[in-house]
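What follows is a short report on a single structure.
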Amino acid sequence: MDGYHQNGLCKELPPLVGLKVAIISHGLERSYDRARGLEEMGYRIVACGDIAGAAETVETTSPEAIIIDLGRDVGFPAEVATRIRESTNVPILVVGCAGTHAELLRCFEAGADDYCRPRCPTDEIDLRLRAIFRRALAGAGQNSAETPSAVLHVGDIEVDSGRQTVRKRGISVPLSPTEFRLLLTLAEHPGEVIPSKALIARVWGNQYSGESHYLRLYIRYLRQKLEDDPSNPRYIVNRWGTGYTLESPARAVA
């Protein structure tokens with residue numbers, strides 16, 4: 001299924017691999033707790049444990065989304081959202097402290113784009129962020145002219161995202177749709193290690209997060225088609241215990 005569930009009505013929520021997210025908390029320990037879970041899903045995290053300096057952190061790091069998770073039973077997340085909204089238009093998701101309707105209302109009035117109840121699981125934050133960006137991307141597509149497809153180059157490999165074609169040294173390399181989605185995800189972030197869970201979610205969906213054998217199998221398929229020596233891969237490199245990265249051969253050797 002590409003882009004739609006089986007009923008043909010509900011667009012899927014693609015994982016936001018590589019999205020830069022700032023987490024604003026009371027103390028770095030709370031920020032790091034959230035960061036660990038989100039990094040496993042493929043997010044790039046900026047942790048901020050200083051509420052007073054949150055706006056400055058946002059200005060200097062330019063995140064693409066912000067999570068306010070004060071990590072205490074009593075707090076004022078709406079006040080933090082107000083200060084941050086004055087300096088940026090990126091999506092803001094608030095994890096509540098009180099969990100009351102009044103707090104939810106104040107957070108939305110302060111400029112938050114979504115709200116989670118206190119102590120919500122990180123999986124819920126991930127899903128809500130993906131829903132926010134799905135709406136944003138859909139709106140941009142409706143209000144802008146069609147743009148040409150991106151052609152990505154990593155070493156001798158060329159990936160055309162629009163035509164869904166792959167060439168190596170100018171020679172076409174036929175890939176299955178699943179193989180192409182996996183390669184495209186890697187090619188969109190060359191040189192970056194993408195966690196295995198994020199790759200599985202992007203290619204097969206969150207419901208297959210525990211099926212790591214699918215990923216290993218299709219990595220092997222890609223290596224057989226793209227590597228000069230599949231037994232000694234120089235493009236698709238495994239970082240043990242973390243995930244995979246698509247490297248140019250020169251970088252991989254270094």
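Chain labels follow the order of the structure tokens: the first chain is A, the next B, and so on; residue numbering restarts at 1 in every chain, and ligands are counted from 1 in their shown order.
Shell of region 194-196 of chain A at 9 Å, with only C-alpha atoms counted and residues fewer than 6 places along the chain excluded, is Val17, Gly18, Glu39, Glu40, Met41, Gly42, Thr185, Leu186, Ser209, Ser212, Leu215, Gly241, Thr242, Gly243, Tyr244 and Thr245 of chain A.
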Practice task
Show which residues sit within 7 Å of Gly111 (chain A), as a ChimeraX atom specification. Count only C-alpha atoms, and ignore same-chain residues fewer than 4 positions away.
Solution key: /A:81-82,85,107
Handout entry: Ile219 (chain A) environment, 12 Å, only C-alpha atoms, sequence neighbours closer than 5 positions dropped, as a VMD selection string
Key = chain A and resid 178 to 183 186 196 199 to 200 203 212 to 214 224 to 227 230 to 231 233 235 to 238 243 to 246
Limited to C-alpha atoms, could you put the picked residues into a file as an mmCIF file, in the first residue's frame?
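Produced file selection_27.cif, reproduced below:
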data_model
loop_
_atom_site.group_PDB
_atom_site.id
_atom_site.type_symbol
_atom_site.label_atom_id
_atom_site.label_comp_id
_atom_site.auth_asym_id
_atom_site.auth_seq_id
_atom_site.Cartn_x
_atom_site.Cartn_y
_atom_site.Cartn_z
ATOM 1 C CA THR A 178 9.735 -1.840 -1.683
ATOM 2 C CA GLU A 179 13.386 -1.752 -2.669
ATOM 3 C CA PHE A 180 12.920 1.729 -4.110
ATOM 4 C CA ARG A 181 11.254 3.096 -0.953
ATOM 5 C CA LEU A 182 14.082 1.738 1.166
ATOM 6 C CA LEU A 183 16.785 3.174 -1.098
ATOM 7 C CA LEU A 186 18.566 6.249 2.670
ATOM 8 C CA SER A 196 16.388 0.378 11.830
ATOM 9 C CA LEU A 199 13.478 2.422 8.126
ATOM 10 C CA ILE A 200 10.995 -0.359 8.872
ATOM 11 C CA VAL A 203 8.920 1.144 4.179
ATOM 12 C CA SER A 212 13.647 -6.668 11.527
ATOM 13 C CA HIS A 213 14.195 -9.649 9.216
ATOM 14 C CA TYR A 214 12.273 -7.778 6.475
ATOM 15 C CA GLN A 224 23.060 -7.421 -4.724
ATOM 16 C CA LYS A 225 21.809 -4.868 -7.249
ATOM 17 C CA LEU A 226 23.906 -1.828 -6.333
ATOM 18 C CA GLU A 227 27.193 -2.935 -4.798
ATOM 19 C CA PRO A 230 27.808 -7.333 -2.242
ATOM 20 C CA SER A 231 29.896 -9.277 0.264
ATOM 21 C CA PRO A 233 29.373 -3.305 0.776
ATOM 22 C CA TYR A 235 27.416 2.050 -0.375
ATOM 23 C CA ILE A 236 24.863 0.550 2.041
ATOM 24 C CA VAL A 237 26.737 0.354 5.325
ATOM 25 C CA ASN A 238 25.489 -1.249 8.529
ATOM 26 C CA GLY A 243 20.852 1.185 11.648
ATOM 27 C CA TYR A 244 22.047 1.770 8.094
ATOM 28 C CA THR A 245 23.544 4.611 6.092
ATOM 29 C CA LEU A 246 24.027 5.242 2.379
#
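The spacing separating CA of Ser31 (chain A) from CA of Ala131 (chain A) amounts to 22.1 Å.
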Exercise for the section: Using only C-alpha atoms, determine which residues lie at most 9 Å from Arg169 (chain A), disregarding the query and same-chain residues fewer than 2 positions distant; provide the list as an NGL selection string. Expected result: :A and (156-158 or 167 or 171-172)
Handout entry: 12 Å contact set for Ala52 (chain A), only C-alpha atoms, chain neighbours under 3 positions out, as an NGL selection string
Key = :A and (24-27 or 48-49 or 55-58 or 79-81 or 83-84)
What does the file look like for those residues with C-alpha atoms, as a compact mmCIF listing (two decimals), in the first residue's frame?
# COMPACT_ATOMS: atom_id res chain seq x y z
CA ILE A 24 11.74 21.91 25.86
CA SER A 25 11.62 20.53 29.42
CA HIS A 26 12.34 21.28 33.06
CA GLY A 27 15.89 19.91 33.16
CA CYS A 48 16.69 22.05 26.05
CA GLY A 49 16.32 21.80 29.82
CA ALA A 55 13.25 30.88 22.83
CA GLU A 56 16.97 31.48 22.31
CA THR A 57 17.53 27.76 21.73
CA VAL A 58 14.83 27.77 19.07
CA GLU A 79 3.31 30.37 28.98
CA VAL A 80 6.24 28.61 27.37
CA ALA A 81 4.26 28.13 24.15
CA ARG A 83 7.11 32.87 24.32
CA ILE A 84 8.22 30.36 21.69
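From CA of Pro174 (chain A) back to CA of Gly162 (chain A), the distance works out to 15.0 Å.
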Exercise for the section: Might you pull out every residue within 6 Å of Tyr115 (chain A), with only C-alpha atoms counted and same-chain residues fewer than 3 positions away left off, and present them as a PyMOL selection string? Expected result: chain A and resi 93-95
Exercise for the section: Using only C-alpha atoms, find the one residue out of A:Arg128, A:Pro177, A:Val46, A:Arg220 that sits nearest to Thr60 (chain A). Expected result: A:Val46
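Going from CA of Ala98 (chain A) to CA of Ile45 (chain A) covers 25.2 Å.
Of the residues under consideration (A:Glu64, A:Leu127, A:Val151, A:Ala78), A:Ala78 shows the shortest atom-to-atom contact distance to Leu104 (chain A) when counting only C-alpha atoms.
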